[in-house]
>>> print(open('final_1.cif').read())   # mmCIF, C-alpha atoms and all ligand atoms
data_structure
loop_
_atom_site.label_atom_id
_atom_site.label_comp_id
_atom_site.auth_asym_id
_atom_site.auth_seq_id
_atom_site.Cartn_x
_atom_site.Cartn_y
_atom_site.Cartn_z
CA MET A 750 -27.33 -5.81 -24.79
CA SER A 751 -25.76 -4.09 -27.79
CA PRO A 752 -23.10 -6.01 -29.78
CA ASP A 753 -20.36 -3.44 -29.00
CA ARG A 754 -21.19 -3.62 -25.36
CA SER A 755 -21.05 -7.41 -25.27
CA GLY A 756 -17.70 -7.16 -27.13
CA ARG A 757 -16.40 -4.83 -24.47
CA LYS A 758 -17.67 -7.17 -21.76
CA GLN A 759 -15.92 -10.12 -23.44
CA ALA A 760 -12.65 -8.20 -23.72
CA LYS A 761 -13.08 -7.29 -20.07
CA GLU A 762 -13.52 -10.93 -19.09
CA GLU A 763 -10.53 -12.03 -21.19
CA GLY A 764 -8.34 -9.44 -19.51
CA SER A 765 -9.66 -10.19 -16.07
CA ALA A 766 -6.99 -12.73 -15.07
CA ALA A 767 -4.21 -10.28 -15.79
CA ARG A 768 -6.30 -7.58 -14.23
CA ARG A 769 -6.77 -9.45 -10.99
CA LEU A 770 -3.03 -10.08 -10.79
CA LEU A 771 -2.33 -6.42 -11.37
CA ALA A 772 -4.94 -5.43 -8.82
CA ARG A 773 -3.16 -7.51 -6.22
CA SER A 774 0.32 -6.39 -7.10
CA HIS A 775 -0.65 -2.75 -7.22
CA ALA A 776 -2.89 -2.46 -4.23
CA GLY A 777 -2.68 -5.71 -2.34
CA SER A 778 -6.35 -6.45 -3.01
CA ALA A 779 -7.45 -10.01 -2.34
CA TYR A 780 -10.94 -9.31 -3.59
CA ALA A 781 -12.31 -11.41 -6.40
CA ALA A 782 -14.14 -9.79 -9.30
CA GLY A 783 -17.79 -9.29 -8.36
CA GLU A 784 -17.35 -9.21 -4.57
CA ALA A 785 -18.59 -6.05 -2.85
CA ILE A 786 -15.50 -3.96 -2.17
CA LEU A 787 -17.57 -1.03 -0.89
CA GLU A 788 -20.90 -1.29 0.94
CA VAL A 789 -22.74 1.97 1.54
CA ARG A 790 -25.73 1.80 3.89
CA ASP A 791 -28.28 4.47 4.85
CA LEU A 792 -25.82 7.27 4.13
CA VAL A 793 -27.05 10.68 5.23
CA LYS A 794 -25.46 14.09 4.88
CA HIS A 795 -27.37 17.10 6.16
CA PHE A 796 -25.68 20.50 5.89
CA PRO A 797 -26.91 22.82 8.65
CA LEU A 798 -28.68 26.01 7.56
CA THR A 799 -27.79 28.80 9.96
CA GLN A 800 -28.98 32.33 10.65
CA GLY A 801 -27.21 35.20 12.36
CA ILE A 802 -23.67 36.47 11.98
CA VAL A 803 -22.25 36.60 15.50
CA PHE A 804 -24.61 34.18 17.21
CA LYS A 805 -25.29 31.56 14.61
CA ARG A 806 -28.26 29.31 15.17
CA GLN A 807 -29.41 26.41 13.09
CA VAL A 808 -32.74 27.00 11.37
CA GLY A 809 -32.86 23.89 9.23
CA ALA A 810 -30.74 21.55 7.13
CA VAL A 811 -30.03 20.90 3.47
CA LYS A 812 -30.69 17.18 3.07
CA ALA A 813 -28.08 16.69 0.38
CA VAL A 814 -27.91 12.91 0.84
CA ASP A 815 -30.87 11.37 2.60
CA GLY A 816 -30.48 7.63 3.07
CA VAL A 817 -28.43 6.22 0.21
CA SER A 818 -27.42 2.54 0.04
CA PHE A 819 -25.48 0.68 -2.66
CA ASP A 820 -22.68 -1.82 -3.17
CA LEU A 821 -19.68 -1.34 -5.43
CA ARG A 822 -18.31 -4.65 -6.64
CA GLN A 823 -14.68 -5.38 -7.40
CA GLY A 824 -13.86 -4.48 -10.99
CA GLU A 825 -17.21 -2.95 -11.87
CA THR A 826 -18.38 0.54 -12.75
CA LEU A 827 -21.37 1.87 -10.90
CA GLY A 828 -22.82 4.88 -12.67
CA ILE A 829 -24.70 7.44 -10.56
CA VAL A 830 -26.93 9.84 -12.45
CA GLY A 831 -29.36 12.60 -11.61
CA GLU A 832 -30.08 16.28 -12.10
CA SER A 833 -27.93 19.04 -10.65
CA GLY A 834 -28.32 19.32 -6.88
CA CYS A 835 -29.59 15.76 -6.27
CA GLY A 836 -26.57 14.93 -4.09
CA LYS A 837 -24.22 13.09 -6.47
CA SER A 838 -21.11 15.11 -5.59
CA THR A 839 -21.88 14.85 -1.90
CA VAL A 840 -22.00 11.04 -2.21
CA ALA A 841 -18.59 11.22 -3.96
CA LYS A 842 -17.15 13.39 -1.19
CA LEU A 843 -18.49 11.10 1.52
CA VAL A 844 -17.05 7.98 -0.09
CA THR A 845 -13.64 9.65 -0.50
CA HIS A 846 -13.78 11.04 3.05
CA LEU A 847 -13.72 14.67 1.96
CA GLU A 848 -16.94 15.10 3.95
CA GLU A 849 -18.09 13.36 7.12
CA PRO A 850 -21.53 11.76 7.01
CA THR A 851 -24.30 12.80 9.39
CA SER A 852 -25.10 9.10 9.76
CA GLY A 853 -24.81 5.80 7.92
CA THR A 854 -21.90 3.50 7.14
CA ILE A 855 -19.39 3.07 4.34
CA ARG A 856 -17.69 -0.31 4.55
CA TYR A 857 -14.52 -0.75 2.54
CA LYS A 858 -13.60 -4.45 2.43
CA GLY A 859 -15.89 -5.03 5.37
CA GLU A 860 -14.55 -2.24 7.60
CA ASP A 861 -16.59 0.87 8.39
CA ILE A 862 -14.38 3.76 7.28
CA THR A 863 -16.62 6.60 8.43
CA LYS A 864 -15.09 6.69 11.91
CA LEU A 865 -11.46 6.10 10.96
CA SER A 866 -8.74 8.61 11.70
CA GLY A 867 -4.95 8.87 11.63
CA ARG A 868 -2.96 6.16 9.92
CA ALA A 869 -5.89 3.86 9.25
CA LEU A 870 -7.73 6.66 7.45
CA LYS A 871 -4.63 7.58 5.45
CA ALA A 872 -4.28 3.98 4.26
CA VAL A 873 -7.93 3.84 3.16
CA ARG A 874 -7.71 7.21 1.44
CA ARG A 875 -4.83 5.92 -0.62
CA ASN A 876 -7.07 3.21 -1.97
CA ILE A 877 -10.09 5.40 -2.76
CA GLN A 878 -9.14 8.29 -5.02
CA MET A 879 -11.20 10.96 -6.72
CA VAL A 880 -11.09 12.41 -10.22
CA PHE A 881 -12.75 15.81 -10.34
CA GLN A 882 -15.27 17.36 -12.64
CA ASP A 883 -13.65 20.33 -14.25
CA PRO A 884 -10.18 19.91 -15.69
CA TYR A 885 -10.02 23.67 -16.19
CA THR A 886 -10.25 24.56 -12.52
CA SER A 887 -9.15 21.46 -10.62
CA LEU A 888 -5.47 21.70 -11.64
CA ASN A 889 -3.29 24.32 -9.96
CA PRO A 890 -2.15 26.63 -12.81
CA ARG A 891 1.11 27.49 -11.03
CA MET A 892 2.29 23.89 -10.74
CA THR A 893 3.93 21.87 -13.49
CA VAL A 894 2.24 18.70 -14.61
CA GLY A 895 5.05 16.72 -12.97
CA ASP A 896 4.36 18.40 -9.61
CA ILE A 897 0.59 17.98 -9.94
CA ILE A 898 0.76 14.27 -10.70
CA GLY A 899 3.54 13.68 -8.16
CA GLU A 900 1.89 15.64 -5.32
CA PRO A 901 0.15 12.58 -3.80
CA PHE A 902 3.63 11.07 -3.28
CA ASP A 903 4.33 13.82 -0.69
CA ILE A 904 1.61 12.30 1.48
CA HIS A 905 2.47 8.69 0.62
CA PRO A 906 6.25 8.64 0.06
CA GLU A 907 6.21 4.85 0.44
CA VAL A 908 4.66 4.59 -3.05
CA ALA A 909 7.48 6.54 -4.72
CA PRO A 910 10.64 7.35 -2.78
CA LYS A 911 12.12 10.78 -3.59
CA GLY A 912 14.67 9.74 -6.26
CA ASP A 913 12.07 7.63 -8.03
CA ARG A 914 9.30 10.19 -8.42
CA ARG A 915 9.97 11.76 -11.77
CA GLY A 916 10.33 8.32 -13.31
CA LYS A 917 6.96 7.32 -11.83
CA VAL A 918 5.32 10.50 -13.09
CA ARG A 919 6.67 9.87 -16.59
CA GLU A 920 5.25 6.36 -16.44
CA LEU A 921 1.87 7.75 -15.40
CA LEU A 922 1.89 10.27 -18.25
CA ASP A 923 2.59 7.43 -20.63
CA VAL A 924 -0.18 5.27 -19.13
CA VAL A 925 -2.79 7.99 -19.75
CA GLY A 926 -1.60 8.60 -23.31
CA LEU A 927 0.41 11.80 -22.79
CA ASN A 928 3.98 12.39 -23.87
CA PRO A 929 6.28 11.92 -20.84
CA GLU A 930 8.37 14.81 -22.19
CA TYR A 931 5.52 17.16 -21.19
CA ILE A 932 6.41 16.71 -17.52
CA ASN A 933 7.60 20.33 -17.10
CA ARG A 934 4.65 21.97 -18.85
CA TYR A 935 1.84 23.87 -17.13
CA PRO A 936 -1.89 23.04 -17.27
CA HIS A 937 -2.72 25.96 -19.60
CA GLN A 938 -0.52 24.37 -22.25
CA PHE A 939 -2.95 21.43 -22.56
CA SER A 940 -6.39 20.97 -24.10
CA GLY A 941 -9.42 20.08 -21.94
CA GLY A 942 -9.17 16.37 -22.75
CA GLN A 943 -5.44 16.34 -22.01
CA ARG A 944 -6.06 18.09 -18.71
CA GLN A 945 -8.55 15.46 -17.72
CA ARG A 946 -5.91 12.84 -18.56
CA ILE A 947 -3.59 14.67 -16.15
CA GLY A 948 -6.34 14.54 -13.50
CA ILE A 949 -6.73 10.81 -14.11
CA ALA A 950 -2.94 10.24 -13.91
CA ARG A 951 -2.96 12.03 -10.57
CA GLY A 952 -5.87 9.87 -9.39
CA LEU A 953 -3.91 6.76 -10.41
CA ALA A 954 -0.61 7.82 -8.81
CA LEU A 955 -1.15 5.94 -5.55
CA ARG A 956 -2.41 2.81 -7.33
CA PRO A 957 -5.87 2.97 -5.76
CA GLU A 958 -8.45 0.22 -5.96
CA ILE A 959 -11.44 2.51 -6.27
CA ILE A 960 -11.76 5.71 -8.30
CA VAL A 961 -14.69 8.00 -7.74
CA ALA A 962 -15.01 10.11 -10.88
CA ASP A 963 -17.29 13.12 -10.36
CA GLU A 964 -18.60 14.21 -13.77
CA PRO A 965 -15.16 13.61 -15.32
CA VAL A 966 -16.30 14.36 -18.88
CA SER A 967 -19.11 16.88 -18.41
CA ALA A 968 -16.91 19.86 -19.24
CA LEU A 969 -15.54 18.26 -22.44
CA ASP A 970 -16.67 18.23 -26.07
CA VAL A 971 -18.59 15.11 -27.07
CA SER A 972 -15.76 13.71 -29.25
CA VAL A 973 -13.28 14.18 -26.41
CA GLN A 974 -15.72 12.66 -23.91
CA ALA A 975 -15.58 9.35 -25.78
CA GLN A 976 -11.77 9.35 -25.73
CA VAL A 977 -11.61 9.96 -21.99
CA ILE A 978 -14.26 7.30 -21.31
CA ASN A 979 -12.37 4.80 -23.47
CA LEU A 980 -9.18 5.64 -21.59
CA MET A 981 -10.93 5.04 -18.28
CA SER A 982 -12.26 1.68 -19.51
CA ARG A 983 -8.78 0.62 -20.57
CA LEU A 984 -7.25 1.68 -17.25
CA GLN A 985 -9.97 -0.21 -15.41
CA ASP A 986 -8.99 -3.39 -17.23
CA GLU A 987 -5.27 -2.79 -16.78
CA PHE A 988 -5.33 -1.95 -13.09
CA GLY A 989 -8.38 -3.87 -11.86
CA LEU A 990 -10.07 -0.66 -10.77
CA SER A 991 -13.60 -0.30 -9.47
CA TYR A 992 -15.30 2.95 -10.48
CA ILE A 993 -18.09 5.09 -9.20
CA PHE A 994 -18.80 7.22 -12.25
CA ILE A 995 -21.01 10.24 -11.69
CA ALA A 996 -22.80 12.12 -14.45
CA HIS A 997 -26.01 14.03 -15.04
CA ASP A 998 -26.43 12.50 -18.47
CA LEU A 999 -27.75 8.93 -18.74
CA SER A 1000 -26.24 8.42 -22.18
CA VAL A 1001 -22.73 9.17 -20.88
CA VAL A 1002 -22.80 6.58 -18.09
CA ARG A 1003 -24.35 3.86 -20.24
CA HIS A 1004 -21.18 3.32 -22.20
CA ILE A 1005 -19.01 2.63 -19.17
CA SER A 1006 -21.38 1.36 -16.47
CA ASP A 1007 -22.13 -2.21 -15.46
CA ARG A 1008 -24.83 -0.97 -13.09
CA VAL A 1009 -26.52 2.38 -12.72
CA GLY A 1010 -28.16 4.13 -9.77
CA VAL A 1011 -30.54 7.01 -10.49
CA MET A 1012 -30.67 9.75 -7.84
CA TYR A 1013 -33.38 12.29 -7.10
CA LEU A 1014 -33.34 14.75 -4.20
CA GLY A 1015 -30.82 12.93 -2.02
CA LYS A 1016 -32.06 9.40 -2.67
CA ILE A 1017 -31.43 6.57 -5.11
CA VAL A 1018 -34.81 5.94 -6.76
CA GLU A 1019 -33.85 3.06 -9.03
CA ILE A 1020 -30.79 0.84 -9.33
CA GLY A 1021 -29.97 -2.02 -11.63
CA THR A 1022 -27.77 -3.39 -14.35
CA GLU A 1023 -27.20 -1.36 -17.48
CA GLU A 1024 -29.81 -3.52 -19.27
CA GLU A 1025 -32.36 -3.22 -16.45
CA ILE A 1026 -32.15 0.55 -16.26
CA TYR A 1027 -31.98 1.40 -19.96
CA GLU A 1028 -34.20 -1.26 -21.43
CA HIS A 1029 -36.63 -1.93 -18.57
CA PRO A 1030 -36.87 1.27 -16.51
CA THR A 1031 -39.67 1.10 -13.93
CA HIS A 1032 -39.39 4.36 -12.00
CA PRO A 1033 -41.17 7.36 -13.55
CA TYR A 1034 -38.13 9.60 -12.98
CA THR A 1035 -35.77 7.23 -14.82
CA GLN A 1036 -38.31 6.99 -17.63
CA ALA A 1037 -38.48 10.78 -17.88
CA LEU A 1038 -34.67 11.10 -17.94
CA LEU A 1039 -34.39 8.41 -20.61
CA SER A 1040 -37.08 9.99 -22.73
CA ALA A 1041 -35.04 13.19 -22.86
CA VAL A 1042 -31.98 11.55 -24.43
CA PRO A 1043 -31.86 12.30 -28.18
CA VAL A 1044 -31.68 9.29 -30.47
CA PRO A 1045 -29.22 9.27 -33.40
CA ASP A 1046 -31.63 7.33 -35.67
CA PRO A 1047 -33.87 9.98 -37.37
CA GLU A 1048 -36.87 7.61 -37.65
CA ALA A 1049 -36.75 6.65 -34.00
CA GLU A 1050 -36.14 10.29 -33.08
CA ALA A 1051 -39.27 11.35 -34.99
CA VAL A 1052 -41.50 9.03 -32.94
CA ARG A 1053 -39.69 9.50 -29.65
CA GLU A 1054 -42.14 10.14 -26.87
CA ARG A 1055 -40.82 12.77 -24.47
CA ILE A 1056 -41.97 12.90 -20.89
CA VAL A 1057 -41.79 16.52 -19.85
CA LEU A 1058 -41.57 16.91 -16.09
CA GLU A 1059 -43.44 19.86 -14.69
CA GLY A 1060 -41.98 22.24 -12.13
CA ASP A 1061 -38.51 22.44 -10.68
CA VAL A 1062 -36.69 20.09 -8.35
CA PRO A 1063 -37.91 21.02 -4.84
CA SER A 1064 -35.37 22.41 -2.36
CA PRO A 1065 -33.41 19.73 -0.50
CA ALA A 1066 -33.91 21.91 2.60
CA ASN A 1067 -37.62 21.19 2.42
CA PRO A 1068 -38.28 18.02 0.42
CA PRO A 1069 -41.87 16.83 -0.13
CA SER A 1070 -43.36 14.34 2.32
CA GLY A 1071 -43.67 10.71 1.26
CA CYS A 1072 -42.13 10.23 -2.16
CA HIS A 1073 -39.71 13.07 -2.95
CA PHE A 1074 -40.58 12.82 -6.64
CA ARG A 1075 -44.36 13.05 -6.23
CA THR A 1076 -44.62 16.81 -6.91
CA ARG A 1077 -43.43 16.22 -10.49
CA CYS A 1078 -44.85 12.77 -11.10
CA TRP A 1079 -47.81 12.08 -13.38
CA LYS A 1080 -48.64 8.94 -11.39
CA ALA A 1081 -48.76 10.54 -7.93
CA GLN A 1082 -51.66 9.61 -5.65
CA HIS A 1083 -52.50 10.11 -1.99
CA ARG A 1084 -50.36 7.14 -0.97
CA CYS A 1085 -47.29 8.94 -2.37
CA VAL A 1086 -47.96 11.91 -0.06
CA VAL A 1087 -48.12 9.86 3.13
CA GLU A 1088 -45.89 6.86 2.54
CA GLU A 1089 -42.29 6.98 1.44
CA PRO A 1090 -41.60 4.23 -1.13
CA LEU A 1091 -38.68 1.96 -0.27
CA LEU A 1092 -35.95 1.07 -2.74
CA ILE A 1093 -36.95 -2.58 -3.19
CA VAL A 1094 -38.00 -4.92 -5.96
CA PRO A 1095 -41.70 -4.02 -6.18
CA GLU A 1096 -43.91 -6.88 -5.00
CA ASN A 1097 -46.30 -6.72 -7.95
CA PHE A 1098 -43.48 -7.57 -10.39
CA ALA A 1099 -42.90 -10.95 -8.80
CA ARG A 1100 -46.56 -11.82 -9.39
CA SER A 1101 -47.28 -10.26 -12.73
CA THR A 1102 -44.12 -9.74 -14.74
CA PRO A 1103 -42.18 -12.79 -15.85
CA GLN A 1104 -39.41 -10.75 -17.46
CA GLU A 1105 -36.45 -10.91 -15.09
CA ALA A 1106 -34.88 -7.61 -16.07
CA VAL A 1107 -37.86 -5.80 -14.59
CA HIS A 1108 -37.16 -7.30 -11.17
CA HIS A 1109 -34.75 -4.70 -9.84
CA PRO A 1110 -35.10 -2.20 -6.98
CA SER A 1111 -37.30 0.81 -7.72
CA ALA A 1112 -38.58 3.28 -5.11
CA CYS A 1113 -42.08 3.78 -6.48
CA HIS A 1114 -45.49 2.60 -5.20
CA PHE A 1115 -46.66 2.36 -8.79
CA ALA A 1116 -43.51 1.12 -10.49
CA ALA A 1117 -44.21 -0.30 -13.92
CA GLU A 1118 -42.15 -0.87 -17.01
CA ARG A 1119 -42.47 1.73 -19.71
CA THR A 1120 -40.51 1.39 -22.89
CA ALA A 1121 -38.53 4.47 -23.62
CA VAL A 1122 -37.01 4.89 -27.08
CA LEU A 1123 -33.49 3.81 -26.36
CA PRO A 1124 -30.44 5.93 -26.82
CA ARG A 1125 -27.88 4.04 -28.86
CA SER A 1126 -24.57 3.22 -27.27
CA THR A 1127 -21.94 5.75 -28.40
CA ASP A 1128 -19.07 3.30 -28.96
N1 LIG A 1201 -21.03 22.46 1.83
C1 LIG A 1201 -22.34 22.61 1.62
N2 LIG A 1201 -23.09 23.39 2.43
C2 LIG A 1201 -24.42 23.53 2.23
N3 LIG A 1201 -25.11 22.92 1.22
C3 LIG A 1201 -24.40 22.14 0.38
C4 LIG A 1201 -22.99 21.94 0.52
N4 LIG A 1201 -22.57 21.12 -0.47
C5 LIG A 1201 -23.67 20.81 -1.21
N5 LIG A 1201 -24.76 21.43 -0.70
C6 LIG A 1201 -26.13 21.33 -1.21
O1 LIG A 1201 -26.48 19.97 -1.23
C7 LIG A 1201 -27.28 19.69 -2.37
C8 LIG A 1201 -26.62 18.59 -3.18
O2 LIG A 1201 -25.41 19.10 -3.74
P1 LIG A 1201 -24.42 18.22 -4.65
O3 LIG A 1201 -23.30 19.12 -5.08
O4 LIG A 1201 -24.09 16.97 -3.94
O5 LIG A 1201 -25.37 17.88 -5.88
P2 LIG A 1201 -25.00 17.34 -7.34
O6 LIG A 1201 -26.06 16.37 -7.69
O7 LIG A 1201 -23.61 16.85 -7.36
O8 LIG A 1201 -25.15 18.63 -8.20
P3 LIG A 1201 -24.13 19.25 -9.29
O9 LIG A 1201 -24.19 18.32 -10.46
O10 LIG A 1201 -24.73 20.59 -9.57
O11 LIG A 1201 -22.79 19.30 -8.60
C9 LIG A 1201 -27.41 20.99 -3.14
O12 LIG A 1201 -28.64 21.60 -2.78
C10 LIG A 1201 -26.25 21.81 -2.64
O13 LIG A 1201 -26.54 23.19 -2.70
#
>>> encode(input="final_1.cif", output="C-alpha cells", more="lines below")
Ligand SMILES: Nc1ncnc2c1ncn2[C@@H]1O[C@H](COP(=O)(O)OP(=O)(O)OP(=O)(O)O)[C@@H](O)[C@H]1O
Amino acid sequence: MSPDRSGRKQAKEEGSAARRLLARSHAGSAYAAGEAILEVRDLVKHFPLTQGIVFKRQVGAVKAVDGVSFDLRQGETLGIVGESGCGKSTVAKLVTHLEEPTSGTIRYKGEDITKLSGRALKAVRRNIQMVFQDPYTSLNPRMTVGDIIGEPFDIHPEVAPKGDRRGKVRELLDVVGLNPEYINRYPHQFSGGQRQRIGIARGLALRPEIIVADEPVSALDVSVQAQVINLMSRLQDEFGLSYIFIAHDLSVVRHISDRVGVMYLGKIVEIGTEEEIYEHPTHPYTQALLSAVPVPDPEAEAVRERIVLEGDVPSPANPPSGCHFRTRCWKAQHRCVVEEPLLIVPENFARSTPQEAVHHPSACHFAAERTAVLPRSTD
C-alpha cells in the first residue's frame, strides 16, 4: 500500500467515530463500518431486441448485465471498472432503481428492494442516490442552481420544509466548496468541475447513505478530476457515505476505492481489495487493463510491458460461450469454450500460492498472478 494511501486510510479511521455519528443522525443508519449495507446477487438485466414496427416481436436480448454479485460495505468505496458497453451504467441504474432487473436480488440492509413499490420504494430511493457522468448534460440549463439542488426536496419535503429550502441549498453549496451566493446562477455560468460539484450537492440533498457515482469525473480535465475525487473522499468521511464509483479507467478508481470489481461483457471477472487488484491481479483482463495505464516514472514507463488485446469486445447480444473473455484472451483453451468460469477464489491458489493477496475471486480457469508495472497513486 502506498504511503499516501495508508495516510488517507488512517485519516479515514480517525474520522470514523464522528462519521458514524453523522451517518446515524443524517440517515438513521444503524450499520457499523464494514457491514454489508447492500448485497447484490445474480443480478441480470436483458434488454429485449425487437423487430417490426407495428407488430413488434422479440428476436433476441442485449445481455447488459449477466449475473453480477457483490457486497457494498458501510463506509467503503467499491470501484467498478471496465470498457465501454460492459454494463457498468446498467448496474448503476439497477441499484438506484432507475431500471428493473430481469432477475436477481438487491438487498439494502437485508431487504430485497427489487420488488418494492410505493412508499417503501420512495424511502429506499432517498437513501440510494446517483451522481451522473456528464456535468455538461445532466443539469437542466433552464433551472437555477438553487432549483436544481433543491429539486429532490419536492419529492421528499420532509427533508426540507418549504421555508427552509433555500437555507439548505446554501448549506449544500458550501459543503461542496461553492459560494452559496451562486444560488441564482445557471449551469452555463460554471466550469465543468463546478458543475460536477453541483451534481454532487444534488446527490447529497436527501442525506443518502449510498451514492452511486457513474463516471463522475470522466468528462473532466485530469487536474479537475483529482479535486472532485478529493471532494468525494472528504464528503464520504463527513457523512459516512458508502460509494459505488464507476469508471472505465483503473487509475481513476484506485485513488478512491477500498475494493474494486472489474467488469467484462456483463460480468464481474475479478474483485478484491485495492491491493489485491492492483498489485496481485490474477485475471488476464485485469492484467491487460493495468498494463495499459501509463506510468509517471520514465524508467518504469520505458520497460512497461503492454498486453495488447486483439479484436473488439463481442456484442452483448451474442456473447461467446463459456468464458466471455476467451475470444480476446491469450490463455484461452478448449475448457474456456465449454465451461464458464465462476467468480471464486481459484482452487490452485490455496495449494500453490502462499501470498494472501492473491487469494481473491477471479473468474478464470487459468488465473495466475502476473506483475503489471504499477500505476502510481495520483494523490
Ligand atoms: N435501454 C437499453 N436498451 C437496449 N440496450 C441497452 C440499453 N441500455 C444499455 N444497453 C446496452 O447494454 C450494454 C451495456 O450498456 P451500459 O451503458 O450499461 O455499459 P457501460 O459499461 O456503462 O458503457 P459506457 O461506459 O459506454 O456507458 C450496451 O451494449 C448497451 O448498448
>>> residues_near_point(input="final_1.cif", point="(-35.5, 26.9, 10.4)", cutoff="8 Å", atoms="only C-alpha atoms", output="list in words")
Leu798, Thr799, Gln807, Val808, Gly809 and Ala810 of chain A
>>> atom_distance(input="final_1.cif", atom1="atom CA of A:Ser838", atom2="atom CA of A:Glu825")
19.5 Å
>>> residues_near_ligand(input="final_1.cif", ligand="ligand LIG 1201 (chain A)", cutoff="9 Å", atoms="all atoms listed in the file", output="JSON list (two decimals) with C-alpha atoms, in the frame of the given file")
[["chain", "number", "residue", "atom", "x", "y", "z"],
["A", 794, "LYS", "CA", -25.46, 14.09, 4.88],
["A", 795, "HIS", "CA", -27.37, 17.10, 6.16],
["A", 796, "PHE", "CA", -25.68, 20.50, 5.89],
["A", 797, "PRO", "CA", -26.91, 22.82, 8.65],
["A", 798, "LEU", "CA", -28.68, 26.01, 7.56],
["A", 810, "ALA", "CA", -30.74, 21.55, 7.13],
["A", 811, "VAL", "CA", -30.03, 20.90, 3.47],
["A", 812, "LYS", "CA", -30.69, 17.18, 3.07],
["A", 813, "ALA", "CA", -28.08, 16.69, 0.38],
["A", 814, "VAL", "CA", -27.91, 12.91, 0.84],
["A", 830, "VAL", "CA", -26.93, 9.84, -12.45],
["A", 831, "GLY", "CA", -29.36, 12.60, -11.61],
["A", 832, "GLU", "CA", -30.08, 16.28, -12.10],
["A", 833, "SER", "CA", -27.93, 19.04, -10.65],
["A", 834, "GLY", "CA", -28.32, 19.32, -6.88],
["A", 835, "CYS", "CA", -29.59, 15.76, -6.27],
["A", 836, "GLY", "CA", -26.57, 14.93, -4.09],
["A", 837, "LYS", "CA", -24.22, 13.09, -6.47],
["A", 838, "SER", "CA", -21.11, 15.11, -5.59],
["A", 839, "THR", "CA", -21.88, 14.85, -1.90],
["A", 840, "VAL", "CA", -22.00, 11.04, -2.21],
["A", 841, "ALA", "CA", -18.59, 11.22, -3.96],
["A", 842, "LYS", "CA", -17.15, 13.39, -1.19],
["A", 848, "GLU", "CA", -16.94, 15.10, 3.95],
["A", 882, "GLN", "CA", -15.27, 17.36, -12.64],
["A", 963, "ASP", "CA", -17.29, 13.12, -10.36],
["A", 964, "GLU", "CA", -18.60, 14.21, -13.77],
["A", 995, "ILE", "CA", -21.01, 10.24, -11.69],
["A", 996, "ALA", "CA", -22.80, 12.12, -14.45],
["A", 997, "HIS", "CA", -26.01, 14.03, -15.04],
["A", 1012, "MET", "CA", -30.67, 9.75, -7.84],
["A", 1013, "TYR", "CA", -33.38, 12.29, -7.10],
["A", 1014, "LEU", "CA", -33.34, 14.75, -4.20],
["A", 1015, "GLY", "CA", -30.82, 12.93, -2.02],
["A", 1064, "SER", "CA", -35.37, 22.41, -2.36],
["A", 1065, "PRO", "CA", -33.41, 19.73, -0.50],
["A", 1066, "ALA", "CA", -33.91, 21.91, 2.60]]
>>> residues_around(input="final_1.cif", residues="A:Gln938", least_positions_apart="4", cutoff="10 Å", atoms="only C-alpha atoms", output="list in words")
Pro890, Val894, Tyr931, Arg934, Gln943 and Arg944 of chain A
>>> residues_around(input="final_1.cif", residues="A:Ser1111", least_positions_apart="6", cutoff="9 Å", atoms="all atoms listed in the file", output="PyMOL selection string")
chain A and resi 1017-1021+1030-1032+1090-1095
>>> write_last_selection(input="final_1.cif", atoms="C-alpha atoms", output="mmCIF file, keeping the file's coordinate frame")
data_model
loop_
_atom_site.group_PDB
_atom_site.id
_atom_site.type_symbol
_atom_site.label_atom_id
_atom_site.label_comp_id
_atom_site.auth_asym_id
_atom_site.auth_seq_id
_atom_site.Cartn_x
_atom_site.Cartn_y
_atom_site.Cartn_z
ATOM 1 C CA ILE A 1017 -31.430 6.570 -5.110
ATOM 2 C CA VAL A 1018 -34.810 5.940 -6.760
ATOM 3 C CA GLU A 1019 -33.850 3.060 -9.030
ATOM 4 C CA ILE A 1020 -30.790 0.840 -9.330
ATOM 5 C CA GLY A 1021 -29.970 -2.020 -11.630
ATOM 6 C CA PRO A 1030 -36.870 1.270 -16.510
ATOM 7 C CA THR A 1031 -39.670 1.100 -13.930
ATOM 8 C CA HIS A 1032 -39.390 4.360 -12.000
ATOM 9 C CA PRO A 1090 -41.600 4.230 -1.130
ATOM 10 C CA LEU A 1091 -38.680 1.960 -0.270
ATOM 11 C CA LEU A 1092 -35.950 1.070 -2.740
ATOM 12 C CA ILE A 1093 -36.950 -2.580 -3.190
ATOM 13 C CA VAL A 1094 -38.000 -4.920 -5.960
ATOM 14 C CA PRO A 1095 -41.700 -4.020 -6.180
#
>>> build_atoms(input="final_1.cif", residues="stretch 866-873 of chain A", atoms="N, CA and C atoms", output="PDB file, in the frame of the given file")
ATOM      1  N   SER A 866      -9.575   7.409  11.681  1.00  0.00           N
ATOM      2  CA  SER A 866      -8.740   8.610  11.700  1.00  0.00           C
ATOM      3  C   SER A 866      -7.277   8.168  11.654  1.00  0.00           C
ATOM      4  N   GLY A 867      -6.393   9.147  11.584  1.00  0.00           N
ATOM      5  CA  GLY A 867      -4.950   8.870  11.630  1.00  0.00           C
ATOM      6  C   GLY A 867      -4.479   7.956  10.516  1.00  0.00           C
ATOM      7  N   ARG A 868      -3.598   7.042  10.899  1.00  0.00           N
ATOM      8  CA  ARG A 868      -2.960   6.160   9.920  1.00  0.00           C
ATOM      9  C   ARG A 868      -3.941   5.291   9.145  1.00  0.00           C
ATOM     10  N   ALA A 869      -4.926   4.766   9.884  1.00  0.00           N
ATOM     11  CA  ALA A 869      -5.890   3.860   9.250  1.00  0.00           C
ATOM     12  C   ALA A 869      -6.645   4.603   8.154  1.00  0.00           C
ATOM     13  N   LEU A 870      -7.002   5.857   8.438  1.00  0.00           N
ATOM     14  CA  LEU A 870      -7.730   6.660   7.450  1.00  0.00           C
ATOM     15  C   LEU A 870      -6.827   6.946   6.240  1.00  0.00           C
ATOM     16  N   LYS A 871      -5.576   7.268   6.524  1.00  0.00           N
ATOM     17  CA  LYS A 871      -4.630   7.580   5.450  1.00  0.00           C
ATOM     18  C   LYS A 871      -4.496   6.383   4.491  1.00  0.00           C
ATOM     19  N   ALA A 872      -4.429   5.182   5.087  1.00  0.00           N
ATOM     20  CA  ALA A 872      -4.280   3.980   4.260  1.00  0.00           C
ATOM     21  C   ALA A 872      -5.510   3.779   3.385  1.00  0.00           C
ATOM     22  N   VAL A 873      -6.700   4.014   3.944  1.00  0.00           N
ATOM     23  CA  VAL A 873      -7.930   3.840   3.160  1.00  0.00           C
ATOM     24  C   VAL A 873      -8.016   4.898   2.072  1.00  0.00           C
TER      25      VAL A 873
END
